[in-house]
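Peer 1: Sharing query18.txt, compact mmCIF, C-alpha atoms:
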```txt
# COMPACT_ATOMS: atom_id res chain seq x y z
CA MET A 1 48.74 21.03 148.58
CA ASN A 2 49.68 17.45 148.48
CA ARG A 3 52.94 16.05 147.20
CA THR A 4 51.53 14.97 143.85
CA MET A 5 50.19 18.43 143.09
CA GLN A 6 53.53 20.01 144.01
CA ALA A 7 55.37 17.62 141.69
CA ASP A 8 52.89 18.35 138.90
CA THR A 9 53.30 22.10 139.39
CA VAL A 10 57.12 21.88 139.38
CA SER A 11 57.22 19.56 136.39
CA THR A 12 54.71 21.74 134.51
CA GLY A 13 56.87 24.82 135.23
CA VAL A 14 60.03 23.04 134.04
CA VAL A 15 58.31 21.74 130.92
CA SER A 16 56.82 25.13 130.07
CA SER A 17 60.19 26.86 130.50
CA LEU A 18 61.87 24.20 128.32
CA VAL A 19 59.17 24.59 125.70
CA HIS A 20 59.63 28.38 125.82
CA PHE A 21 63.45 28.01 125.54
CA TYR A 22 63.24 25.76 122.49
CA ARG A 23 60.54 27.69 120.71
CA PRO A 24 61.65 28.66 117.22
CA ASP A 25 60.88 32.36 117.70
CA SER A 26 63.04 32.52 120.85
CA MET A 27 65.96 30.89 118.98
CA LEU A 28 65.56 33.17 116.00
CA LYS A 29 67.01 36.29 117.59
CA PRO A 30 70.36 34.74 118.71
CA LEU A 31 70.63 32.93 115.37
CA VAL A 32 70.13 36.17 113.44
CA ILE A 33 72.79 37.87 115.58
CA ILE A 34 75.26 35.00 115.06
CA VAL A 35 74.69 34.95 111.29
CA PHE A 36 75.05 38.74 111.11
CA LEU A 37 78.31 38.68 113.08
CA ALA A 38 79.67 35.84 110.93
CA LEU A 39 78.86 37.75 107.73
CA LEU A 40 80.39 40.93 109.15
CA LEU A 41 83.55 39.07 110.16
CA GLY A 42 83.78 37.48 106.70
CA ALA A 43 83.36 40.84 104.99
CA VAL A 44 86.10 42.39 107.12
CA ALA A 45 88.43 39.45 106.41
CA LEU A 46 87.81 39.76 102.64
CA TRP A 47 88.41 43.51 102.77
CA MET A 48 91.70 43.02 104.64
CA ALA A 49 92.86 40.26 102.27
CA GLU A 50 92.02 42.33 99.19
CA ARG A 51 93.84 45.32 100.62
CA GLN A 52 96.94 43.22 101.38
CA TRP A 53 96.84 41.52 97.97
CA GLY A 54 96.59 44.89 96.25
CA GLY A 55 99.85 45.86 97.94
CA TYR A 56 101.52 42.72 96.60
CA GLU A 57 100.28 43.49 93.10
CA ARG A 58 101.63 47.04 93.27
CA GLN A 59 105.01 45.72 94.42
CA ALA A 60 105.04 43.09 91.67
CA ARG A 61 104.42 45.73 89.00
CA GLN A 62 107.44 47.66 90.29
CA HIS A 63 109.82 44.70 89.83
CA ASP A 64 111.11 43.08 86.70
CA ALA A 65 111.60 39.34 86.10
CA SER A 66 114.94 39.26 87.96
CA GLY A 67 113.30 40.58 91.12
CA LEU A 68 115.03 43.96 90.96
CA ARG A 69 113.06 47.16 91.17
CA LYS A 70 112.27 48.72 87.79
CA THR A 71 113.02 52.17 89.12
CA ALA A 72 116.50 53.63 88.76
CA GLU A 73 117.68 51.68 91.79
CA LEU A 74 120.70 50.18 90.02
CA SER A 75 123.38 52.75 90.57
CA GLU A 76 125.92 53.47 87.89
CA GLY A 77 128.38 50.66 87.42
CA MET A 78 126.29 48.11 89.30
CA LEU A 79 125.92 44.85 87.42
CA SER A 80 122.56 43.24 86.81
CA LEU A 81 121.78 39.87 88.29
CA GLN A 82 122.05 38.23 84.87
CA GLU A 83 125.55 39.64 84.36
CA ILE A 84 126.65 38.48 87.81
CA LEU A 85 125.36 34.94 87.26
CA GLN A 86 127.18 34.77 83.93
CA ARG A 87 130.43 35.93 85.53
CA LEU A 88 130.13 33.43 88.40
CA LYS A 89 130.19 30.54 85.90
CA LEU A 90 128.29 28.18 88.17
CA PRO A 91 128.23 24.47 87.21
CA GLU A 92 125.16 23.43 85.20
CA ASP A 93 123.80 21.23 87.98
CA THR A 94 123.75 24.13 90.47
CA ARG A 95 120.28 25.37 91.34
CA ILE A 96 119.66 28.88 92.66
CA LEU A 97 117.22 28.85 95.57
CA GLU A 98 117.03 32.53 96.47
CA VAL A 99 118.51 35.87 95.47
CA GLU A 100 118.30 39.03 97.54
CA ARG A 101 119.95 42.40 97.48
CA GLU A 102 120.82 43.37 101.02
CA PRO A 103 123.04 45.87 102.75
CA HIS A 104 126.02 44.47 104.67
CA GLY A 105 128.46 46.76 106.41
CA GLY A 106 127.07 49.86 104.71
CA LYS A 107 127.36 48.41 101.19
CA LEU A 108 124.77 46.72 99.02
CA TYR A 109 125.45 43.10 98.05
CA TYR A 110 123.71 40.30 96.23
CA GLU A 111 123.04 37.39 98.56
CA ILE A 112 122.62 34.21 96.52
CA GLU A 113 121.53 30.92 98.08
CA LEU A 114 122.21 27.87 95.93
CA VAL A 115 122.37 24.08 96.09
CA ASN A 116 125.08 22.08 94.32
CA ALA A 117 124.92 18.60 92.74
CA GLU A 118 125.70 16.90 96.07
CA GLY A 119 122.74 18.65 97.71
CA ARG A 120 124.87 20.99 99.81
CA ILE A 121 123.43 24.47 100.30
CA PHE A 122 125.66 27.53 100.07
CA GLU A 123 125.09 31.22 100.55
CA LEU A 124 127.27 33.60 98.54
CA LEU A 125 127.72 37.30 99.20
CA ILE A 126 128.52 38.95 95.86
CA ASP A 127 129.86 42.44 95.19
CA PRO A 128 127.36 43.96 92.70
CA TYR A 129 130.04 46.04 90.95
CA THR A 130 132.66 43.34 90.33
CA ALA A 131 130.72 40.05 90.66
CA LYS A 132 133.41 38.81 93.05
CA VAL A 133 132.43 36.45 95.86
CA VAL A 134 133.01 38.38 99.08
CA LYS A 135 131.88 35.64 101.42
CA GLN A 136 130.79 32.01 101.06
CA GLU A 137 129.06 29.99 103.77
CA GLU A 138 127.75 26.46 103.75
CA GLU A 139 124.37 26.20 105.43
CA ASP A 140 123.25 23.29 107.57
```
What do you get writing this file as structure tokens?
Peer 2:
Amino acid sequence: MNRTMQADTVSTGVVSSLVHFYRPDSMLKPLVIIVFLALLLGAVALWMAERQWGGYERQARQHDASGLRKTAELSEGMLSLQEILQRLKLPEDTRILEVEREPHGGKLYYEIELVNAEGRIFELLIDPYTAKVVKQEEED
């Protein structure tokens, strides 16, 4: 075989393999697999999101507007959040950022984060039975 025939044979082989690689029917199988996997992944993500959101909805139905559980979680003598805020007599320009009920030292307290007129942020630890400020910290 001469050099020209060898080059033609090699180039024909390369061209035919490239043509075979780019043929629509050879690309169809990987494309179908990719689309199937993408749809499967999307369905799993939607299922997980719906499941998580359902949990949030159940929790939301168990809480009233003040954020406290509707169940008999307020023990006898414990003040509601509304009563505590009234007793604190905060200035009108004070904004409440966050309210949580958390245990500290074996007792349950209201933890209230607020910002005053000067823009300073404070965290108050409030006794839920007396509405007295147990601890006050200024946050950075």
Peer 1: What is the atom CA of Leu124 of chain A to atom CA of Glu111 of chain A distance in Å?
Peer 2: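 Atom-to-atom, atom CA of Leu124 of chain A to atom CA of Glu111 of chain A, that is 5.7 Å.
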Peer 1: What is the atom CA of Glu83 of chain A to atom CA of Glu98 of chain A distance in Å?
Peer 2: 16.4 Å
Peer 1: Excluding Val133 of chain A and any residue of its chain fewer than 4 positions from it, enumerate the residues within 12 Å of it, using all atoms listed in the file, and give them as an MDAnalysis selection string.
Peer 2: chainID A and resid 84:85 87:89 109:112 122:129 137
Peer 1: Within 8 Å of Val115 of chain A, counting only C-alpha atoms, which residues qualify if same-chain residues fewer than 5 places away don't, as an MDAnalysis selection string?
Peer 2: chainID A and resid 94:97 120:122
Peer 1: Hey, can you check how far atom CA of Glu113 of chain A sits from atom CA of Asp93 of chain A?
Peer 2: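 If I compute the distance from atom CA of Glu113 of chain A to atom CA of Asp93 of chain A, I get 14.2 Å.
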Peer 1: For segment 91-105 of chain A in the structure I just supplied, write out C-alpha atoms - as a tab-separated table (two decimals), in the first residue's frame.
Peer 2:
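Produced file result_21.tsv, reproduced below:
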```
chain	number	residue	atom	x	y	z
A	91	PRO	CA	-40.80	52.87	75.07
A	92	GLU	CA	-42.95	53.29	71.95
A	93	ASP	CA	-39.96	53.50	69.63
A	94	THR	CA	-38.64	50.10	70.79
A	95	ARG	CA	-38.98	47.33	68.21
A	96	ILE	CA	-39.05	43.67	69.18
A	97	LEU	CA	-36.88	41.58	66.87
A	98	GLU	CA	-37.31	38.10	68.31
A	99	VAL	CA	-39.03	36.31	71.19
A	100	GLU	CA	-38.21	32.80	72.33
A	101	ARG	CA	-39.03	30.68	75.33
A	102	GLU	CA	-35.92	28.85	76.38
A	103	PRO	CA	-34.68	26.99	79.42
A	104	HIS	CA	-31.82	28.60	81.36
A	105	GLY	CA	-30.46	26.99	84.50
```
